[in-house]
>>> print(open('protein37.txt').read())   # compact mmCIF, C-alpha atoms
# COMPACT_ATOMS: atom_id res chain seq x y z
CA MET P 24 0.00 0.00 0.00
CA VAL P 25 1.34 3.43 -0.89
CA ALA P 26 1.22 6.15 1.73
CA HIS P 27 1.00 9.78 0.77
CA CYS P 28 2.59 12.37 3.02
CA THR P 29 2.36 16.13 3.05
CA ARG P 30 4.24 18.44 5.30
CA LEU P 31 2.12 20.94 7.20
CA LEU P 32 3.25 24.46 7.88
CA GLN P 33 2.02 26.60 10.76
CA LYS P 34 -0.04 28.89 8.48
CA SER P 35 -2.41 26.04 7.58
CA ARG P 36 -0.67 25.65 4.22
CA LEU P 37 0.68 22.48 2.73
CA LEU P 38 4.04 22.52 1.03
CA LEU P 39 6.10 19.98 -0.84
CA THR P 40 9.49 21.22 0.34
CA GLN P 41 11.31 18.88 2.71
CA ARG P 42 14.52 19.65 4.57
CA CYS P 43 16.20 16.40 3.64
CA SER P 44 19.70 15.38 2.77
CA PRO P 45 20.25 14.27 -0.85
CA LYS P 46 20.15 10.65 0.29
CA ALA P 47 16.93 11.24 2.20
CA GLN P 48 15.41 12.85 -0.86
CA GLN P 49 16.20 9.69 -2.79
CA ILE P 50 14.30 7.73 -0.18
CA LEU P 51 11.30 10.03 -0.43
CA ALA P 52 10.68 9.61 -4.06
CA CYS P 53 8.36 9.42 -6.66
CA SER P 54 5.48 11.57 -7.78
CA THR P 55 3.79 14.80 -6.79
CA THR P 56 0.30 15.94 -7.61
CA THR P 57 -1.35 19.26 -6.88
CA VAL P 58 -4.29 19.17 -4.48
CA GLY P 59 -5.85 22.62 -4.49
CA SER P 60 -3.15 24.92 -3.14
CA ALA P 61 -1.39 21.97 -1.60
CA PHE P 62 1.08 19.37 -2.73
CA ARG P 63 1.29 15.70 -1.92
CA ARG P 64 4.37 13.57 -1.98
CA SER P 65 4.32 9.87 -2.62
CA PHE P 66 6.62 7.81 -0.44
CA ALA P 67 8.23 4.77 -1.98
CA THR P 68 7.77 1.49 -0.15
CA ALA P 69 8.83 -2.05 -0.79
CA SER P 70 5.26 -3.18 -1.14
CA PRO P 71 4.02 -4.19 -4.59
CA PRO P 72 1.46 -1.88 -6.22
CA HIS P 73 -2.08 -2.40 -4.98
CA LYS P 74 -5.04 -1.98 -7.28
CA LYS P 75 -7.34 -0.91 -4.48
CA GLU P 76 -7.46 2.62 -3.13
CA GLU P 77 -4.46 3.56 -1.05
CA ALA P 78 -5.16 2.93 2.63
CA LEU P 79 -2.80 5.27 4.47
CA ASP P 80 -2.77 9.05 4.15
CA MET P 81 -0.51 11.22 6.30
CA ALA P 82 1.00 14.63 6.92
CA TYR P 83 3.44 16.13 9.40
CA SER P 84 5.06 19.31 10.60
CA PRO P 85 7.61 20.28 13.24
CA VAL P 86 5.90 22.06 16.13
CA ASN P 87 6.81 23.96 19.29
CA GLY P 88 10.21 25.32 20.27
CA PHE P 89 11.79 21.86 20.16
CA GLN P 90 10.77 21.36 16.51
CA MET P 91 9.13 18.05 17.35
CA ASN P 92 7.53 16.29 14.38
CA GLN P 93 3.80 15.92 14.92
CA TYR P 94 2.09 13.50 12.55
CA VAL P 95 -1.48 12.91 11.44
CA ILE P 96 -2.39 9.63 9.78
CA ALA P 97 -5.65 8.46 8.27
CA CYS P 98 -7.33 5.36 6.91
CA THR P 99 -8.78 6.43 3.58
CA ALA P 100 -11.28 3.57 3.54
CA THR P 101 -12.97 4.43 6.85
CA ARG P 102 -12.05 8.15 7.08
CA GLN P 103 -10.63 7.65 10.56
CA ALA P 104 -7.62 9.75 11.55
CA ALA P 105 -5.16 9.79 14.44
CA ILE P 106 -2.56 12.26 15.64
CA ILE P 107 0.81 10.81 16.59
CA ASP P 108 2.58 12.82 19.33
CA CYS P 109 0.39 15.85 19.91
CA GLY P 110 3.07 18.42 20.71
CA ALA P 111 1.58 21.58 19.15
CA SER P 112 2.02 24.35 21.72
CA THR P 113 -0.20 26.95 20.02
CA ALA P 114 -3.71 26.87 18.59
CA LYS P 115 -2.25 27.95 15.25
CA GLU P 116 -0.02 24.89 15.10
CA LEU P 117 -2.81 22.56 16.14
CA ASP P 118 -5.33 24.11 13.76
CA ALA P 119 -3.13 23.25 10.77
CA PHE P 120 -3.57 19.56 11.59
CA LEU P 121 -7.28 19.86 12.31
CA LYS P 122 -7.78 21.71 9.02
CA TRP P 123 -5.95 18.95 7.15
CA ILE P 124 -8.29 16.41 8.74
CA LYS P 125 -11.42 18.44 8.01
CA ASP P 126 -10.46 19.33 4.45
CA ARG P 127 -10.10 15.65 3.59
CA ASP P 128 -13.33 14.67 5.30
CA TYR P 129 -11.57 12.59 7.94
CA ASN P 130 -12.64 12.20 11.56
CA LEU P 131 -10.14 12.43 14.40
CA THR P 132 -10.65 9.27 16.43
CA ALA P 133 -7.48 8.85 18.51
CA VAL P 134 -4.14 10.23 19.65
CA TRP P 135 -1.16 7.88 19.83
CA GLN P 136 1.81 8.91 21.96
CA THR P 137 5.28 7.43 21.52
CA HIS P 138 6.22 8.78 24.97
CA ALA P 139 5.40 11.59 27.39
CA HIS P 140 8.26 14.09 27.18
CA LEU P 141 6.96 17.64 27.25
CA ASP P 142 7.60 18.41 23.57
CA HIS P 143 5.54 15.39 22.54
CA ILE P 144 2.44 15.98 24.72
CA ALA P 145 2.24 19.79 24.86
CA GLY P 146 -0.81 19.94 22.57
CA LEU P 147 -3.03 17.52 24.45
CA GLY P 148 -4.55 20.23 26.62
CA LEU P 149 -5.30 22.38 23.59
CA LEU P 150 -6.84 19.43 21.77
CA PHE P 151 -9.06 18.36 24.62
CA ARG P 152 -10.22 21.89 25.39
CA ASP P 153 -11.29 22.24 21.76
CA HIS P 154 -12.79 18.80 21.20
CA ASN P 155 -13.83 17.28 24.52
CA ASP P 156 -15.89 18.34 27.48
CA ASP P 157 -15.50 17.17 31.07
CA ASN P 158 -17.86 14.24 30.59
CA VAL P 159 -16.90 10.99 28.93
CA SER P 160 -18.93 10.73 25.73
CA GLU P 161 -18.88 9.16 22.30
CA GLU P 162 -17.15 12.28 21.03
CA ASP P 163 -14.09 11.73 23.19
CA VAL P 164 -10.79 11.18 21.43
CA PRO P 165 -8.84 8.52 23.37
CA ILE P 166 -5.16 9.15 24.08
CA TYR P 167 -2.96 6.03 24.01
CA LEU P 168 0.21 6.05 26.11
CA HIS P 169 2.38 3.35 27.66
CA GLU P 170 1.68 2.95 31.37
CA LYS P 171 5.37 3.40 32.22
CA GLU P 172 5.11 6.98 30.94
CA ARG P 173 2.46 7.98 33.46
CA LYS P 174 4.86 9.54 35.99
CA ILE P 175 6.56 11.55 33.24
CA TYR P 176 3.16 12.66 31.95
CA ASN P 177 2.16 13.93 35.38
CA GLY P 178 5.40 15.90 35.66
CA PHE P 179 4.58 18.01 32.60
CA GLU P 180 4.01 21.30 34.44
CA ASP P 181 7.24 20.92 36.41
CA ARG P 182 9.22 20.25 33.24
CA CYS P 183 7.63 23.28 31.55
CA ARG P 184 8.84 25.49 34.39
CA GLU P 185 12.26 23.85 34.30
CA PHE P 186 12.73 24.47 30.58
CA GLY P 187 10.81 27.75 30.37
CA PHE P 188 8.45 26.03 27.95
CA GLN P 189 5.16 27.82 27.26
CA VAL P 190 1.88 26.46 25.96
CA GLU P 191 -0.82 28.78 24.72
CA GLY P 192 -3.60 29.09 27.26
CA SER P 193 -2.21 26.94 30.06
CA THR P 194 -0.10 23.89 30.78
CA ASN P 195 -3.07 21.87 31.99
CA LEU P 196 -3.23 18.44 30.40
CA PRO P 197 -6.13 15.99 30.45
CA LYS P 198 -6.19 14.09 33.73
CA ASP P 199 -4.13 10.94 33.61
CA THR P 200 -7.25 8.93 34.43
CA ARG P 201 -8.65 9.86 31.00
CA LEU P 202 -5.80 8.21 29.13
CA THR P 203 -5.85 4.70 27.71
CA TYR P 204 -2.72 2.89 28.83
CA LEU P 205 -0.73 0.34 26.88
CA ASN P 206 1.76 -2.05 28.45
CA ASP P 207 4.68 -4.31 27.57
CA ASP P 208 2.28 -6.92 26.21
CA SER P 209 0.41 -4.52 23.92
CA GLN P 210 0.98 -5.62 20.34
CA GLN P 211 -1.27 -3.68 17.97
CA LEU P 212 -3.41 -0.59 17.49
CA SER P 213 -6.01 -0.26 14.76
CA LEU P 214 -7.02 2.79 12.78
CA GLY P 215 -10.01 1.88 10.69
CA GLN P 216 -8.88 -0.98 8.46
CA LEU P 217 -5.20 -0.39 9.20
CA THR P 218 -3.44 -2.44 11.87
CA PHE P 219 -0.22 -1.02 13.28
CA ASP P 220 2.28 -3.09 15.22
CA ILE P 221 3.32 -1.54 18.53
CA ILE P 222 7.11 -1.71 18.75
CA GLN P 223 8.47 -1.56 22.29
CA THR P 224 11.51 0.76 22.25
CA PRO P 225 12.40 1.70 25.85
CA GLY P 226 15.61 3.59 26.51
CA HIS P 227 15.02 7.26 25.78
CA SER P 228 12.13 6.91 28.21
CA PRO P 229 10.88 3.85 30.12
CA GLY P 230 7.69 3.26 28.12
CA HIS P 231 8.77 4.52 24.73
CA ILE P 232 7.00 2.84 21.81
CA GLY P 233 6.75 3.17 18.03
CA PHE P 234 4.08 2.29 15.48
CA TRP P 235 4.87 0.20 12.39
CA TYR P 236 2.65 -0.35 9.36
CA ASP P 237 3.63 -1.61 5.91
CA ASN P 238 7.27 -0.48 6.14
CA HIS P 239 6.36 2.86 7.72
CA PHE P 240 7.63 3.36 11.26
CA PHE P 241 6.59 6.29 13.43
CA GLY P 242 9.37 6.07 15.94
CA GLY P 243 9.38 9.15 18.17
CA ASP P 244 12.78 9.79 19.74
CA PHE P 245 14.22 6.38 18.94
CA ILE P 246 16.19 6.40 15.68
CA MET P 247 16.74 9.71 13.89
CA GLN P 248 18.86 10.59 10.91
CA GLY P 249 22.43 9.93 12.04
CA SER P 250 21.50 9.75 15.70
CA ILE P 251 19.29 8.22 18.39
CA GLY P 252 17.27 9.55 21.29
CA ARG P 253 19.20 10.82 24.31
CA THR P 254 19.72 8.46 27.22
CA ASP P 255 21.17 10.89 29.76
CA PHE P 256 17.83 11.93 31.25
CA PRO P 257 16.92 10.74 34.78
CA THR P 258 14.27 8.37 33.40
CA SER P 259 16.40 7.14 30.47
CA ASN P 260 18.32 3.89 30.38
CA HIS P 261 21.19 3.41 27.94
CA ALA P 262 21.24 -0.38 28.31
CA ASP P 263 17.54 -0.54 27.45
CA MET P 264 18.19 1.66 24.43
CA GLU P 265 20.91 -0.65 23.16
CA ASP P 266 18.62 -3.66 23.58
CA SER P 267 15.81 -1.85 21.76
CA LEU P 268 18.09 -0.84 18.90
CA GLU P 269 19.46 -4.36 18.50
CA ARG P 270 15.96 -5.90 18.38
CA PHE P 271 14.74 -3.32 15.91
CA VAL P 272 17.71 -3.57 13.57
CA LYS P 273 17.60 -7.37 13.48
CA ASN P 274 13.82 -7.75 13.13
CA THR P 275 12.80 -4.85 10.89
CA PRO P 276 13.00 -4.75 7.08
CA GLU P 277 15.74 -2.47 5.79
CA VAL P 278 13.28 -0.76 3.47
CA THR P 279 11.33 0.59 6.43
CA ILE P 280 10.94 4.37 6.27
CA ILE P 281 11.49 5.95 9.67
CA PHE P 282 9.41 8.99 10.56
CA PRO P 283 11.25 10.33 13.62
CA GLY P 284 10.34 12.72 16.39
CA HIS P 285 12.93 15.23 15.16
CA GLY P 286 14.55 15.82 11.80
CA PRO P 287 13.74 14.48 8.33
CA PRO P 288 12.44 11.03 7.44
CA THR P 289 15.07 8.41 6.74
CA SER P 290 15.24 4.66 6.13
CA LEU P 291 16.57 1.83 8.22
CA LYS P 292 18.89 0.89 5.35
CA GLU P 293 20.44 4.35 5.33
CA GLU P 294 20.80 4.39 9.11
CA LYS P 295 22.42 0.95 9.18
CA SER P 296 24.98 2.30 6.73
CA ASN P 297 25.58 5.74 8.21
CA ASN P 298 24.30 6.00 11.76
CA PRO P 299 27.26 5.49 14.16
CA PHE P 300 24.94 4.24 16.92
CA LEU P 301 23.84 1.29 14.78
CA GLN P 302 27.20 0.15 13.46
CA ASN P 303 27.93 -2.45 16.13
CA LEU P 304 24.43 -3.96 16.10
CA GLN P 305 24.51 -5.73 12.72
>>> encode(input="protein37.txt", output="structure tokens")
Amino acid sequence: MVAHCTRLLQKSRLLLTQRCSPKAQQILACSTTTVGSAFRRSFATASPPHKKEEALDMAYSPVNGFQMNQYVIACTATRQAAIIDCGASTAKELDAFLKWIKDRDYNLTAVWQTHAHLDHIAGLGLLFRDHNDDNVSEEDVPIYLHEKERKIYNGFEDRCREFGFQVEGSTNLPKDTRLTYLNDDSQQLSLGQLTFDIIQTPGHSPGHIGFWYDNHFFGGDFIMQGSIGRTDFPTSNHADMEDSLERFVKNTPEVTIIFPGHGPPTSLKEEKSNNPFLQNLQ
């Protein structure tokens, strides 16, 4: 299945331009077609062409002062959409994603979090204030997070003060009791007809996870172009990171495109060749 990806800008515009290295631009290939004032880029995968309608649609943009990549994905067959790592710290940033969803007649049905560091969860309060009331209802958008991230999640306001990080409106997040928690045994999440494998990748944080579908991996702060997530934080564990990297490298197809929490998309093949943190794992 071929996934289409567009990069969102803060002014609710869609633009083709990607800040990618020449090698990364070879990974992100193929065709572009105009969609209104927007552009769409087709990402190459190792999957054979499918005659049926493409199943995965997606877009992304760096948000907040940490330039964290926030993603939105959608199942074109069921019109269901999910945000991956809701870090938008202003209504303007968040609205670009919501406009993308609305313009394509999708419905936001979930938020998937790779982990709970402040730059990855900053937009949850904004999202819930705009789209949920205080009562649990059918209109609620569930937030999925690993249970080992709960303590980090609840320390959000303290970390904002520590880093001088500001969120438009307030730093209030949805209560932790409103979240849906995954665990070490969680294996899959579904978005409409699409089934994503949950990849356990602790190290950068204790309950860090990624989401893999058809050679597309939304990896948070795990593997980035030429680097990996930091392991010098109080809740990080370098040994866990090494174990996670070794499992991922040995069990994941090289053609997998990595959509990281920071920086441009890359591929596992490129990172196995050029990323110094992966050289001793093959």
>>> residues_near_point(input="protein37.txt", point="(5.3, 11.7, 31.1)", cutoff="8 Å", atoms="only C-alpha atoms", output="PyMOL selection string")
chain P and resi 138-141+172-179
>>> atom_distance(input="protein37.txt", atom1="CA of Leu202 (chain P)", atom2="CA of Glu170 (chain P)")
9.4 Å
>>> atom_distance(input="protein37.txt", atom1="CA of Thr132 (chain P)", atom2="CA of Val164 (chain P)")
5.4 Å
>>> closest_residue(input="protein37.txt", among="P:Phe234, P:Val272, P:Val134, P:Glu191", to="Tyr204 (chain P)", atoms="only C-alpha atoms")
P:Val134
>>> closest_residue(input="protein37.txt", among="P:Thr194, P:Ser213, P:Thr218, P:Ser296", to="Ile144 (chain P)", atoms="only C-alpha atoms")
P:Thr194
>>> closest_atom_pairs(input="protein37.txt", of="region 150-204 of chain P", to="region 110-129 of chain P", cutoff="9 Å", atoms="only C-alpha atoms", output="tab-separated table")
residue	atom	partner	partner_atom	distance
P:Leu150	CA	P:Leu117	CA	7.6
P:Gln189	CA	P:Ser112	CA	7.3
P:Val190	CA	P:Ser112	CA	4.7
P:Glu191	CA	P:Thr113	CA	5.1
P:Gly192	CA	P:Thr113	CA	8.3
>>> atom_distance(input="protein37.txt", atom1="CA of Glu180 (chain P)", atom2="CA of Ile246 (chain P)")
26.9 Å
>>> residues_around(input="protein37.txt", residues="Asn297 (chain P)", least_positions_apart="6", cutoff="10 Å", atoms="all atoms listed in the file", output="PyMOL selection string")
chain P and resi 248-250+291
>>> closest_residue(input="protein37.txt", among="P:His231, P:Lys292, P:Arg270, P:Arg201", to="Gly148 (chain P)", atoms="all atoms listed in the file")
P:Arg201
>>> closest_residue(input="protein37.txt", among="P:Ile166, P:Ile106, P:Thr99, P:Thr258", to="Ser84 (chain P)", atoms="all atoms listed in the file")
P:Ile106
>>> axis_aligned_box(input="protein37.txt", around="region 271-282 of chain P", padding_each_side="3 Å", output="lines of an AutoDock Vina configuration file")
center_x = 13.6
center_y = 0.6
center_z = 9.7
size_x = 14.3
size_y = 22.7
size_z = 18.4
>>> closest_residue(input="protein37.txt", among="P:Thr254, P:Ser228, P:Gln90, P:Thr275", to="Ser290 (chain P)", atoms="all atoms listed in the file")
P:Thr275
>>> residues_near_point(input="protein37.txt", point="(16.7, 0.1, 1.1)", cutoff="9 Å", atoms="all atoms listed in the file", output="list in words")
Ile50, Ala69, Pro276, Glu277, Val278, Thr279, Ile280, Ser290, Leu291, Lys292 and Glu293 of chain P
